[in-house]
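Participant: Got a file for you: upload.tsv, TSV, C-alpha atoms.
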chain	number	residue	atom	x	y	z
A	1	MET	CA	0.00	0.00	0.00
A	2	LYS	CA	2.78	2.33	0.94
A	3	ARG	CA	4.45	1.75	-2.40
A	4	THR	CA	1.24	2.39	-4.28
A	5	VAL	CA	0.66	5.58	-2.37
A	6	PHE	CA	4.17	6.66	-3.11
A	7	ALA	CA	3.93	5.89	-6.81
A	8	VAL	CA	0.56	7.56	-7.11
A	9	ILE	CA	1.87	10.77	-5.73
A	10	VAL	CA	4.98	10.71	-7.87
A	11	LEU	CA	3.03	10.91	-11.08
A	12	LEU	CA	0.71	13.49	-9.62
A	13	SER	CA	3.58	15.87	-9.14
A	14	MET	CA	4.80	15.43	-12.70
A	15	ASN	CA	1.43	16.28	-14.11
A	16	CYS	CA	1.10	19.35	-12.00
A	17	SER	CA	3.77	20.98	-14.06
A	18	VAL	CA	2.56	23.96	-15.94
A	19	ALA	CA	3.28	25.05	-19.43
A	20	GLY	CA	4.40	28.58	-19.80
A	21	GLN	CA	2.39	31.55	-20.69
A	22	VAL	CA	0.03	30.96	-23.57
A	23	LEU	CA	-2.82	32.69	-25.51
A	24	PRO	CA	-4.39	29.29	-25.76
A	25	PHE	CA	-4.48	28.09	-22.18
A	26	PHE	CA	-1.71	25.49	-22.18
A	27	THR	CA	0.01	25.83	-25.56
A	28	ASP	CA	2.88	28.24	-25.91
A	29	THR	CA	2.89	30.65	-28.85
A	30	ALA	CA	5.73	32.25	-30.79
A	31	LEU	CA	4.21	35.70	-30.25
A	32	THR	CA	6.09	38.44	-28.45
A	33	VAL	CA	3.25	40.98	-28.46
A	34	GLY	CA	0.12	41.70	-26.46
A	35	PHE	CA	-0.45	39.47	-23.48
A	36	GLU	CA	2.69	37.51	-24.40
A	37	SER	CA	4.82	40.45	-23.24
A	38	ASN	CA	4.84	42.89	-20.32
A	39	ALA	CA	1.85	41.33	-18.63
A	40	LEU	CA	0.73	39.42	-15.60
A	41	ARG	CA	-1.08	36.14	-15.94
A	42	THR	CA	-2.59	34.19	-13.09
A	43	PHE	CA	-4.89	31.21	-13.08
A	44	SER	CA	-6.33	28.65	-10.70
A	45	ARG	CA	-6.16	24.96	-11.40
A	46	VAL	CA	-7.85	22.08	-9.65
A	47	VAL	CA	-6.67	18.50	-10.17
A	48	VAL	CA	-8.50	15.48	-8.78
A	49	ARG	CA	-7.37	11.87	-9.05
A	50	ASN	CA	-9.24	9.06	-7.40
A	51	GLN	CA	-9.52	6.05	-9.71
A	52	LEU	CA	-6.82	3.44	-9.50
A	53	ARG	CA	-5.67	1.88	-12.77
A	54	SER	CA	-3.35	-1.00	-13.43
A	55	GLU	CA	-2.04	-1.69	-16.94
A	56	GLY	CA	-4.78	0.47	-18.40
A	57	GLN	CA	-7.69	-1.14	-16.51
A	58	GLU	CA	-9.62	0.29	-13.59
A	59	VAL	CA	-9.00	-1.79	-10.49
A	60	PRO	CA	-10.36	-1.71	-6.93
A	61	ASP	CA	-8.34	0.41	-4.55
A	62	PRO	CA	-8.03	-1.15	-1.09
A	63	SER	CA	-6.66	2.17	0.20
A	64	ASP	CA	-9.50	4.23	-1.31
A	65	GLN	CA	-7.07	6.95	-2.28
A	66	ASP	CA	-8.09	10.33	-3.53
A	67	VAL	CA	-5.85	13.19	-4.45
A	68	PHE	CA	-6.75	16.84	-4.58
A	69	VAL	CA	-4.39	19.51	-5.82
A	70	PHE	CA	-5.08	23.23	-6.03
A	71	ALA	CA	-2.55	25.42	-7.82
A	72	GLN	CA	-2.52	29.19	-8.22
A	73	VAL	CA	-0.11	29.90	-11.03
A	74	PHE	CA	1.57	33.25	-11.70
A	75	ALA	CA	3.37	34.04	-14.93
A	76	VAL	CA	5.05	37.35	-15.77
A	77	PRO	CA	6.37	37.73	-19.32
A	78	VAL	CA	8.65	40.71	-19.91
A	79	ARG	CA	9.71	41.74	-23.39
A	80	ILE	CA	13.46	42.24	-23.82
A	81	ASN	CA	13.22	43.27	-27.48
A	82	SER	CA	10.88	42.69	-30.41
A	83	ASP	CA	11.96	39.04	-30.73
A	84	THR	CA	12.78	38.07	-27.15
A	85	VAL	CA	10.58	37.59	-24.10
A	86	PHE	CA	11.68	36.54	-20.63
A	87	THR	CA	9.05	34.83	-18.47
A	88	ALA	CA	9.00	33.86	-14.81
A	89	VAL	CA	6.41	31.27	-13.73
A	90	THR	CA	5.73	30.22	-10.19
A	91	ARG	CA	2.86	28.70	-8.29
A	92	VAL	CA	1.30	28.39	-4.85
A	93	LEU	CA	0.18	24.84	-4.21
A	94	HIS	CA	-2.03	22.85	-1.92
A	95	LYS	CA	-1.58	19.11	-2.30
A	96	GLN	CA	-3.65	16.59	-0.39
A	97	LEU	CA	-3.84	12.81	-0.35
A	98	ASN	CA	-6.56	10.99	1.58
A	99	PHE	CA	-6.27	7.24	2.07
A	100	THR	CA	-7.17	4.38	4.34
A	101	ALA	CA	-4.25	2.43	5.73
A	102	PRO	CA	-4.93	-1.29	6.54
A	103	GLY	CA	-6.55	-1.69	9.93
A	104	SER	CA	-6.61	2.05	10.38
A	105	SER	CA	-8.95	5.02	10.03
A	106	ARG	CA	-8.87	7.50	7.23
A	107	GLU	CA	-5.59	9.43	7.00
A	108	GLN	CA	-4.50	12.54	5.20
A	109	LEU	CA	-1.17	13.82	4.00
A	110	SER	CA	-1.05	17.40	2.77
A	111	ASP	CA	1.27	20.25	2.01
A	112	THR	CA	0.71	23.94	1.19
A	113	GLY	CA	3.06	26.65	0.02
A	114	LEU	CA	5.22	28.01	-2.77
A	115	GLY	CA	6.16	25.59	-5.52
A	116	ASP	CA	9.08	25.61	-7.90
A	117	THR	CA	9.81	28.55	-10.22
A	118	THR	CA	10.55	28.35	-13.93
A	119	LEU	CA	12.52	31.03	-15.79
A	120	LEU	CA	12.04	30.86	-19.55
A	121	VAL	CA	13.41	32.76	-22.51
A	122	LYS	CA	11.48	32.79	-25.78
A	123	ARG	CA	13.47	33.82	-28.83
A	124	ARG	CA	11.58	34.35	-32.07
A	125	PHE	CA	13.78	33.42	-35.04
A	126	TYR	CA	11.38	33.35	-37.96
A	127	VAL	CA	8.74	35.98	-38.72
A	128	ASP	CA	6.60	36.25	-41.82
A	129	ASN	CA	3.91	38.82	-41.07
A	130	PHE	CA	1.16	39.85	-43.49
A	131	GLN	CA	-1.99	41.92	-43.19
A	132	GLY	CA	-4.06	40.60	-40.31
A	133	GLY	CA	-1.78	37.69	-39.57
A	134	GLY	CA	1.55	35.98	-39.69
A	135	ILE	CA	3.63	32.83	-39.37
A	136	GLN	CA	6.23	32.76	-36.61
A	137	LEU	CA	8.65	30.32	-35.02
A	138	ALA	CA	10.42	30.60	-31.69
A	139	LEU	CA	12.79	28.66	-29.48
A	140	LEU	CA	12.19	28.22	-25.76
A	141	GLY	CA	14.81	27.53	-23.15
A	142	GLY	CA	15.15	27.98	-19.45
A	143	VAL	CA	15.61	26.56	-16.03
A	144	LYS	CA	13.31	25.31	-13.30
A	145	LEU	CA	14.54	26.35	-9.87
A	146	PRO	CA	13.76	24.42	-6.67
A	147	THR	CA	12.03	27.25	-4.80
A	148	GLY	CA	9.42	24.81	-3.47
A	149	ASP	CA	10.12	22.94	-0.27
A	150	ASP	CA	11.07	19.30	-0.85
A	151	ASN	CA	11.61	18.42	2.82
A	152	GLN	CA	8.10	18.51	4.30
A	153	ARG	CA	7.22	15.87	6.90
A	154	ASP	CA	4.04	14.38	8.33
A	155	ASN	CA	2.95	14.47	11.98
A	156	GLN	CA	5.18	11.51	12.79
A	157	GLY	CA	8.21	13.24	11.31
A	158	ASN	CA	8.35	11.02	8.23
A	159	LEU	CA	9.35	12.66	4.99
A	160	LEU	CA	6.36	13.10	2.67
A	161	PRO	CA	6.64	11.24	-0.65
A	162	PRO	CA	8.34	13.21	-3.45
A	163	GLY	CA	5.09	13.68	-5.34
A	164	LEU	CA	3.47	15.36	-2.36
A	165	GLN	CA	6.31	17.80	-1.82
A	166	LEU	CA	5.84	21.35	-3.08
A	167	GLY	CA	9.03	21.21	-5.11
A	168	THR	CA	11.33	18.64	-6.69
A	169	GLY	CA	14.49	19.88	-5.00
A	170	SER	CA	16.26	19.75	-8.36
A	171	VAL	CA	17.29	22.23	-11.01
A	172	ASP	CA	15.67	21.06	-14.23
A	173	VAL	CA	15.98	22.31	-17.78
A	174	PRO	CA	13.08	22.82	-20.21
A	175	VAL	CA	13.70	23.46	-23.91
A	176	GLY	CA	11.28	23.72	-26.79
A	177	LEU	CA	10.17	24.86	-30.20
A	178	VAL	CA	7.00	26.82	-30.89
A	179	PHE	CA	5.04	27.50	-34.07
A	180	THR	CA	2.28	30.09	-34.55
A	181	ALA	CA	0.14	30.86	-37.56
A	182	PHE	CA	-2.78	33.25	-37.48
A	183	LYS	CA	-4.95	35.17	-39.88
A	184	ASP	CA	-7.92	37.36	-39.02
A	185	ARG	CA	-10.27	35.21	-36.93
A	186	ILE	CA	-8.29	31.96	-36.96
A	187	GLY	CA	-5.18	30.96	-35.08
A	188	PHE	CA	-3.11	27.80	-34.82
A	189	ASN	CA	-0.31	27.17	-32.33
A	190	SER	CA	1.82	24.13	-31.67
A	191	SER	CA	4.67	23.52	-29.28
A	192	PHE	CA	7.16	20.79	-28.55
A	193	LEU	CA	8.76	20.90	-25.11
A	194	TYR	CA	11.24	18.62	-23.41
A	195	GLN	CA	12.23	18.90	-19.78
A	196	PHE	CA	15.46	17.35	-18.52
A	197	ASN	CA	14.86	16.45	-14.89
A	198	ASN	CA	17.68	16.06	-12.41
A	199	GLU	CA	18.07	14.22	-9.15
A	200	SER	CA	17.62	15.46	-5.63
A	201	ASN	CA	18.12	13.39	-2.47
A	202	GLY	CA	18.36	10.21	-4.51
A	203	PHE	CA	15.06	10.78	-6.30
A	204	ARG	CA	14.62	11.85	-9.89
A	205	PHE	CA	11.37	12.52	-11.73
A	206	GLY	CA	11.41	11.12	-15.27
A	207	ASP	CA	12.07	13.47	-18.14
A	208	GLU	CA	8.95	14.91	-19.70
A	209	THR	CA	7.94	15.53	-23.30
A	210	LYS	CA	4.98	17.78	-24.02
A	211	VAL	CA	3.40	18.18	-27.43
A	212	ASN	CA	0.60	20.71	-27.67
A	213	LEU	CA	-1.71	21.75	-30.47
A	214	ALA	CA	-4.20	24.62	-30.25
A	215	PHE	CA	-6.85	25.84	-32.67
A	216	GLY	CA	-8.42	29.22	-31.96
A	217	TYR	CA	-11.33	31.11	-33.45
A	218	ARG	CA	-12.65	34.60	-32.74
A	219	LEU	CA	-16.38	34.17	-32.14
A	220	PHE	CA	-17.07	37.91	-32.19
A	221	PRO	CA	-16.77	40.53	-33.39
A	222	LYS	CA	-16.73	39.41	-37.00
A	223	GLN	CA	-14.95	42.65	-37.80
A	224	TYR	CA	-13.47	45.16	-35.41
A	225	THR	CA	-15.06	48.61	-35.24
A	226	SER	CA	-12.24	49.84	-33.02
A	227	PHE	CA	-9.48	48.22	-31.07
A	228	GLN	CA	-11.49	48.90	-27.92
A	229	ASP	CA	-14.00	46.22	-28.99
A	230	LYS	CA	-14.74	43.43	-26.57
A	231	VAL	CA	-13.70	40.08	-28.02
A	232	LEU	CA	-14.72	36.49	-27.43
A	233	ASN	CA	-12.36	33.69	-28.51
A	234	ALA	CA	-12.79	29.94	-28.36
A	235	TYR	CA	-9.97	27.41	-28.28
A	236	LEU	CA	-9.60	23.69	-28.60
A	237	GLU	CA	-6.30	22.21	-27.53
A	238	VAL	CA	-4.76	18.76	-27.57
A	239	ASN	CA	-2.18	18.48	-24.79
A	240	THR	CA	0.03	15.40	-24.69
A	241	VAL	CA	2.39	14.61	-21.83
A	242	VAL	CA	4.84	11.72	-22.03
A	243	SER	CA	6.67	11.12	-18.77
A	244	GLN	CA	9.53	8.69	-18.38
A	245	ARG	CA	9.67	6.56	-15.26
A	246	ALA	CA	11.02	8.15	-12.11
A	247	SER	CA	14.04	6.69	-10.35
A	248	LEU	CA	14.85	6.26	-6.68
A	249	ASN	CA	18.48	5.65	-5.76
A	250	ASP	CA	19.12	4.77	-9.40
A	251	GLN	CA	16.35	2.16	-9.39
A	252	SER	CA	13.43	2.71	-11.76
A	253	VAL	CA	10.06	3.26	-10.06
A	254	PRO	CA	7.73	0.87	-11.94
A	255	ASP	CA	4.48	2.64	-11.02
A	256	SER	CA	5.43	5.96	-12.54
A	257	GLY	CA	5.47	7.72	-15.86
A	258	GLY	CA	3.28	7.15	-18.85
A	259	THR	CA	1.41	8.98	-21.57
A	260	THR	CA	-1.61	11.19	-21.07
A	261	VAL	CA	-3.52	13.05	-23.76
A	262	PHE	CA	-5.95	15.80	-22.82
A	263	LEU	CA	-8.60	17.41	-24.97
A	264	THR	CA	-8.98	20.97	-23.73
A	265	PRO	CA	-11.81	23.25	-24.82
A	266	GLY	CA	-11.39	26.83	-23.66
A	267	ILE	CA	-12.97	30.23	-23.87
A	268	GLN	CA	-11.44	33.69	-23.54
A	269	ALA	CA	-13.14	37.08	-23.18
A	270	VAL	CA	-11.09	40.21	-23.88
A	271	LEU	CA	-13.02	42.82	-21.88
A	272	HIS	CA	-10.54	45.63	-22.47
A	273	PRO	CA	-7.38	45.86	-24.61
A	274	ARG	CA	-5.46	45.38	-21.35
A	275	PHE	CA	-7.54	42.71	-19.63
A	276	LEU	CA	-9.00	39.31	-20.36
A	277	VAL	CA	-10.58	36.43	-18.49
A	278	GLU	CA	-10.31	32.81	-19.60
A	279	ALA	CA	-11.31	29.30	-18.67
A	280	ALA	CA	-10.37	25.83	-19.91
A	281	PHE	CA	-11.45	22.31	-19.09
A	282	GLN	CA	-8.85	19.57	-19.56
A	283	ILE	CA	-10.43	16.20	-20.32
A	284	PRO	CA	-8.14	13.15	-20.29
A	285	VAL	CA	-8.94	11.11	-23.40
A	286	VAL	CA	-5.92	8.78	-23.36
A	287	GLN	CA	-4.20	7.53	-20.23
A	288	GLU	CA	-1.50	4.93	-20.70
A	289	LEU	CA	0.06	4.92	-17.28
A	290	ASN	CA	2.88	2.62	-16.29
A	291	GLY	CA	2.13	0.07	-13.58
A	292	THR	CA	-0.53	0.95	-11.01
A	293	GLN	CA	-1.43	4.62	-10.60
A	294	LEU	CA	-4.34	6.92	-9.98
A	295	SER	CA	-5.82	8.18	-13.22
A	296	PHE	CA	-6.76	11.78	-14.00
A	297	SER	CA	-10.21	13.25	-13.72
A	298	PRO	CA	-11.12	16.29	-15.85
A	299	THR	CA	-9.33	19.41	-14.64
A	300	ALA	CA	-10.83	22.89	-14.28
A	301	ASN	CA	-8.78	26.02	-14.94
A	302	VAL	CA	-9.79	29.69	-14.77
A	303	GLY	CA	-7.69	32.84	-14.92
A	304	ILE	CA	-7.02	36.41	-15.98
A	305	ARG	CA	-4.33	38.29	-17.88
A	306	VAL	CA	-3.46	41.96	-17.45
A	307	LEU	CA	-1.23	44.07	-19.67
A	308	PHE	CA	1.12	46.51	-17.97
B	1	MET	CA	-1.65	106.49	-27.22
B	2	LEU	CA	-2.47	103.60	-24.93
B	3	ARG	CA	-5.48	102.71	-27.03
B	4	ASP	CA	-3.28	102.54	-30.11
B	5	VAL	CA	-0.87	100.19	-28.37
B	6	ILE	CA	-3.69	97.92	-27.27
B	7	LYS	CA	-5.14	97.87	-30.80
B	8	VAL	CA	-1.79	96.86	-32.26
B	9	MET	CA	-1.39	94.10	-29.67
B	10	VAL	CA	-4.85	92.71	-30.36
B	11	VAL	CA	-4.22	92.69	-34.10
B	12	MET	CA	-0.89	90.92	-33.57
B	13	ALA	CA	-2.52	88.29	-31.36
B	14	VAL	CA	-5.25	87.60	-33.91
B	15	VAL	CA	-2.71	87.35	-36.72
B	16	SER	CA	-0.65	84.87	-34.65
B	17	LEU	CA	-3.69	82.70	-34.00
B	18	ILE	CA	-4.58	82.61	-37.67
B	19	ALA	CA	-1.00	81.83	-38.64
B	20	GLY	CA	-0.82	79.04	-36.08
B	21	SER	CA	-3.96	77.35	-37.31
B	22	ALA	CA	-2.73	77.52	-40.86
B	23	MET	CA	0.48	75.58	-40.02
B	24	ALA	CA	0.80	72.19	-41.71
B	25	GLN	CA	-0.05	69.09	-39.67
B	26	THR	CA	1.58	66.02	-41.14
B	27	LYS	CA	-0.21	62.70	-41.25
B	28	HIS	CA	1.59	59.37	-41.66
B	29	VAL	CA	-0.33	56.29	-42.79
B	30	ILE	CA	1.49	53.09	-41.89
B	31	GLY	CA	0.56	49.65	-43.18
B	32	VAL	CA	1.28	47.20	-40.34
B	33	ASP	CA	1.53	43.44	-40.81
B	34	GLY	CA	1.12	40.85	-38.06
B	35	MET	CA	-1.52	42.74	-36.12
B	36	SER	CA	-4.81	40.96	-35.49
B	37	CYS	CA	-6.03	41.67	-31.99
B	38	PRO	CA	-6.88	44.58	-29.66
B	39	PHE	CA	-4.11	43.87	-27.20
B	40	CYS	CA	-1.60	43.80	-30.03
B	41	ALA	CA	-2.89	47.22	-31.10
B	42	TYR	CA	-2.60	48.52	-27.53
B	43	GLY	CA	1.09	47.72	-27.40
B	44	LEU	CA	1.70	49.33	-30.78
B	45	GLU	CA	-0.20	52.47	-29.79
B	46	LYS	CA	1.95	52.80	-26.67
B	47	LYS	CA	5.16	52.57	-28.70
B	48	LEU	CA	4.05	55.07	-31.32
B	49	LYS	CA	2.83	57.61	-28.81
B	50	LYS	CA	6.33	57.71	-27.35
B	51	VAL	CA	7.81	58.85	-30.66
B	52	LYS	CA	8.80	62.52	-30.56
B	53	ASP	CA	6.21	65.01	-31.92
B	54	VAL	CA	3.41	62.47	-32.23
B	55	GLU	CA	0.06	64.06	-31.42
B	56	SER	CA	-2.30	61.17	-32.01
B	57	VAL	CA	-2.40	57.54	-33.12
B	58	THR	CA	-5.43	55.81	-34.65
B	59	ILE	CA	-5.37	52.09	-35.38
B	60	ASP	CA	-7.63	50.30	-37.87
B	61	LEU	CA	-7.34	46.56	-37.12
B	62	ASN	CA	-9.48	45.53	-40.08
B	63	GLU	CA	-7.36	47.39	-42.62
B	64	GLY	CA	-4.07	46.77	-40.80
B	65	GLU	CA	-3.36	50.50	-40.89
B	66	VAL	CA	-2.16	53.03	-38.37
B	67	VAL	CA	-2.60	56.80	-38.82
B	68	VAL	CA	-0.10	58.91	-36.92
B	69	ILE	CA	-0.66	62.67	-36.78
B	70	ALA	CA	2.23	64.94	-35.91
B	71	LYS	CA	2.02	68.04	-33.73
B	72	ALA	CA	1.34	71.23	-35.69
B	73	GLY	CA	4.45	72.40	-37.45
B	74	ALA	CA	6.48	69.38	-36.35
B	75	THR	CA	8.09	66.70	-38.48
B	76	ILE	CA	8.29	63.06	-37.43
B	77	LYS	CA	11.19	61.04	-38.76
B	78	GLU	CA	9.94	58.08	-40.73
B	79	GLU	CA	12.76	55.98	-39.33
B	80	SER	CA	11.42	56.61	-35.82
B	81	LEU	CA	8.00	55.31	-36.86
B	82	ARG	CA	9.48	52.24	-38.52
B	83	LYS	CA	11.56	51.50	-35.44
B	84	ALA	CA	8.55	51.88	-33.13
B	85	VAL	CA	6.54	49.41	-35.22
B	86	HIS	CA	9.45	46.97	-35.29
B	87	ASP	CA	10.08	47.33	-31.55
B	88	ALA	CA	6.41	46.61	-30.93
B	89	GLY	CA	6.88	43.26	-32.67
B	90	PHE	CA	5.23	44.01	-36.03
B	91	THR	CA	6.30	44.65	-39.62
B	92	VAL	CA	5.86	47.82	-41.68
B	93	SER	CA	4.40	46.99	-45.08
B	94	SER	CA	3.97	50.59	-46.29
B	95	LEU	CA	4.51	54.15	-45.08
B	96	LYS	CA	2.97	57.28	-46.63
B	97	GLN	CA	3.25	60.87	-45.52
B	98	ILE	CA	0.40	63.29	-46.17
B	99	GLU	CA	0.51	66.97	-45.38
B	100	ASP	CA	-2.77	68.37	-44.14
B	101	ARG	CA	-3.25	72.17	-44.04
B	102	SER	CA	-5.92	73.41	-41.63
B	103	GLU	CA	-8.18	76.38	-42.75
If you convert what's in this file into structure tokens, what do you get?
Facilitator:
Amino acid sequence: MKRTVFAVIVLLSMNCSVAGQVLPFFTDTALTVGFESNALRTFSRVVVRNQLRSEGQEVPDPSDQDVFVFAQVFAVPVRINSDTVFTAVTRVLHKQLNFTAPGSSREQLSDTGLGDTTLLVKRRFYVDNFQGGGIQLALLGGVKLPTGDDNQRDNQGNLLPPGLQLGTGSVDVPVGLVFTAFKDRIGFNSSFLYQFNNESNGFRFGDETKVNLAFGYRLFPKQYTSFQDKVLNAYLEVNTVVSQRASLNDQSVPDSGGTTVFLTPGIQAVLHPRFLVEAAFQIPVVQELNGTQLSFSPTANVGIRVLF
Amino acid sequence: MLRDVIKVMVVMAVVSLIAGSAMAQTKHVIGVDGMSCPFCAYGLEKKLKKVKDVESVTIDLNEGEVVVIAKAGATIKEESLRKAVHDAGFTVSSLKQIEDRSE
């Protein structure tokens, strides 16, 4: 049971990672204008996992585990020049695992506080703009700093499992490539991201690959009457996360890692040229998780962006 | 004598006002590529308004055009406008200067 609990939480932490700033909710863009520069973005995210799966099949859970994670994410992109944007992303987390130990009453492990911080640089290297649109490509690179505590303990003084800690304790390196194409009411973004994860205290989360696709459409106005118009956009994203197995003291953790594909419809209301509100619902449509792990339930996300 | 001085001063003031209003006010029409949203336009407007001697900026998202009007009697360097558009993250597709005399 202990091992299952441990493995469950390990994967949870991996999938709490957050993509950088985006005009679609989770997909990065190659843009260096508007809300992609000199802005503040914050959003709330709720993740629930309570169905145990083994080799792709739902199985009974003798520990009746359920996981709840709340994250408040903050991202601040700052434009360095017309082709370069620097972004800092951090989050405040509450992680909670409820379970029933054999012969015992219901127990809870939880942790609340600041998580890790990611510093990213986006460098646009290809720009082909035309009236009302453009095609752009950018590289992403950065570092994830261990600003989150990775040494929290329970009431008995035992170290909480790595997946329940607020941070990984390691300095990790994300890199990526982003493509954006947009014209009038239609936009398409795709990103490929790879994160090299390092070890801390003998534990290492598996490297992560993220492939995102986002299709956007401006619902109204059909045509702008002024740039003060209120705007309503709709997005549909496909977010794929492939996580390699974690390792503990150089031994692979069998119940960790896997591939998850989310379908993410979203909506975005630009209420002022400097302010928008947005919401997205991530629905897991493919979950190929290694070993025995808790599967994902749909995830709710809601936020705002403000231009400086 | 005093009345004559006052009359002359009033005439000079009126002549100055008329002359001032007759000074040319230059208008620049810039074709801007890569602009498709209000928040994009906001950033561009901020950059252009910081250019020396700019009096007003009007953005037409549908046409992809920006009209920049200079202060009366002032001249805006085209290079400054091009740089502002570039620094804002967009591309200049065309740039025309039109002189507009007020009546």
Participant: Could you check which of B:Ser36, B:Ser56, B:Thr75, B:Gln25 is closest to chain A, using all atoms listed in the file?
Facilitator: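 So, comparing all the options, the nearest one is B:Ser36.
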Participant: List the neighbours of range 228-243 of chain A out to 7 Å using only C-alpha atoms; skip same-chain residues closer than 2 positions along the sequence, and give me the result as a PyMOL selection string.
Facilitator: (chain A and resi 24+206-221+224-226+245+257-273) or (chain B and resi 38)
Participant: Can you write out as CSV which residues of chain B fall within 12 Å of chain A, alongside each residue's closest atom pair and its distance in Å to one decimal, counting all atoms listed in the file and ordering rows by chain and ascending residue number?
Facilitator:
residue,atom,partner,partner_atom,distance
B:Ile30,CA,A:Gln131,CA,11.8
B:Gly31,CA,A:Gln131,CA,8.1
B:Val32,CA,A:Gln131,CA,6.8
B:Asp33,CA,A:Phe130,CA,4.5
B:Gly34,CA,A:Gly133,CA,4.5
B:Met35,CA,A:Gly132,CA,5.3
B:Ser36,CA,A:Gly132,CA,4.9
B:Cys37,CA,A:Phe227,CA,7.5
B:Pro38,CA,A:Phe227,CA,4.7
B:Phe39,CA,A:Pro273,CA,4.6
B:Cys40,CA,A:Gly34,CA,4.5
B:Ala41,CA,A:Phe227,CA,6.7
B:Tyr42,CA,A:Pro273,CA,6.2
B:Gly43,CA,A:Gly34,CA,6.2
B:Leu44,CA,A:Val33,CA,8.8
B:Glu45,CA,A:Phe227,CA,10.3
B:Lys46,CA,A:Phe308,CA,10.8
B:Lys47,CA,A:Ser82,CA,11.5
B:Val57,CA,A:Phe227,CA,11.9
B:Thr58,CA,A:Ser226,CA,9.2
B:Ile59,CA,A:Phe227,CA,7.1
B:Asp60,CA,A:Ser226,CA,6.7
B:Leu61,CA,A:Tyr224,CA,6.5
B:Asn62,CA,A:Tyr224,CA,6.2
B:Glu63,CA,A:Gln131,CA,7.7
B:Gly64,CA,A:Gln131,CA,5.8
B:Glu65,CA,A:Gln131,CA,9.0
B:Val66,CA,A:Phe227,CA,11.4
B:Lys83,CA,A:Ser82,CA,10.2
B:Ala84,CA,A:Ser82,CA,9.9
B:Val85,CA,A:Ser82,CA,9.3
B:His86,CA,A:Ser82,CA,6.6
B:Asp87,CA,A:Ser82,CA,4.8
B:Ala88,CA,A:Ser82,CA,6.0
B:Gly89,CA,A:Ser82,CA,4.6
B:Phe90,CA,A:Asn129,CA,7.4
B:Thr91,CA,A:Asn129,CA,6.5
B:Val92,CA,A:Asn129,CA,9.2
B:Ser93,CA,A:Phe130,CA,8.0
B:Ser94,CA,A:Gln131,CA,11.0
Participant: When you look at Asn201 in chain A with a cut-off of 9 Å (counting only C-alpha atoms), what residues show up, excluding the ones that are within fewer than 4 positions of it in the same chain? I need them as an MDAnalysis selection string.
Facilitator: chainID A and resid 169:170 248:249
Participant: Leaving out range 93-97 of chain A and any residue of its chain fewer than 5 positions from it, which residues lie within 10 Å of it when counting all atoms listed in the file, given as an mmCIF file with C-alpha atoms, keeping the file's coordinate frame?
Facilitator:
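After the write, selection.cif holds the following:
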data_model
loop_
_atom_site.group_PDB
_atom_site.id
_atom_site.type_symbol
_atom_site.label_atom_id
_atom_site.label_comp_id
_atom_site.auth_asym_id
_atom_site.auth_seq_id
_atom_site.Cartn_x
_atom_site.Cartn_y
_atom_site.Cartn_z
ATOM 1 C CA VAL A 5 0.660 5.580 -2.370
ATOM 2 C CA VAL A 8 0.560 7.560 -7.110
ATOM 3 C CA ILE A 9 1.870 10.770 -5.730
ATOM 4 C CA LEU A 12 0.710 13.490 -9.620
ATOM 5 C CA SER A 13 3.580 15.870 -9.140
ATOM 6 C CA CYS A 16 1.100 19.350 -12.000
ATOM 7 C CA SER A 44 -6.330 28.650 -10.700
ATOM 8 C CA ARG A 45 -6.160 24.960 -11.400
ATOM 9 C CA VAL A 46 -7.850 22.080 -9.650
ATOM 10 C CA VAL A 47 -6.670 18.500 -10.170
ATOM 11 C CA VAL A 48 -8.500 15.480 -8.780
ATOM 12 C CA ARG A 49 -7.370 11.870 -9.050
ATOM 13 C CA ASN A 50 -9.240 9.060 -7.400
ATOM 14 C CA GLN A 65 -7.070 6.950 -2.280
ATOM 15 C CA ASP A 66 -8.090 10.330 -3.530
ATOM 16 C CA VAL A 67 -5.850 13.190 -4.450
ATOM 17 C CA PHE A 68 -6.750 16.840 -4.580
ATOM 18 C CA VAL A 69 -4.390 19.510 -5.820
ATOM 19 C CA PHE A 70 -5.080 23.230 -6.030
ATOM 20 C CA ALA A 71 -2.550 25.420 -7.820
ATOM 21 C CA GLN A 72 -2.520 29.190 -8.220
ATOM 22 C CA VAL A 73 -0.110 29.900 -11.030
ATOM 23 C CA GLU A 107 -5.590 9.430 7.000
ATOM 24 C CA GLN A 108 -4.500 12.540 5.200
ATOM 25 C CA LEU A 109 -1.170 13.820 4.000
ATOM 26 C CA SER A 110 -1.050 17.400 2.770
ATOM 27 C CA ASP A 111 1.270 20.250 2.010
ATOM 28 C CA THR A 112 0.710 23.940 1.190
ATOM 29 C CA GLY A 113 3.060 26.650 0.020
ATOM 30 C CA LEU A 114 5.220 28.010 -2.770
ATOM 31 C CA GLY A 115 6.160 25.590 -5.520
ATOM 32 C CA ASP A 116 9.080 25.610 -7.900
ATOM 33 C CA GLY A 148 9.420 24.810 -3.470
ATOM 34 C CA GLY A 163 5.090 13.680 -5.340
ATOM 35 C CA LEU A 164 3.470 15.360 -2.360
ATOM 36 C CA GLN A 165 6.310 17.800 -1.820
ATOM 37 C CA LEU A 166 5.840 21.350 -3.080
ATOM 38 C CA GLY A 167 9.030 21.210 -5.110
#
Participant: How many Å lie between CA of Thr42 in chain A and CA of Asn189 in chain A, rounded to one decimal?
Facilitator: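 These atoms are spaced 20.6 Å apart.
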Participant: Let me make sure I understand: among A:Gln287, A:Ser297, A:Ser200, A:Gln156, which one has the smallest atom-to-atom distance to Gly56 in chain A if we use all atoms listed in the file?
Facilitator: A:Gln287
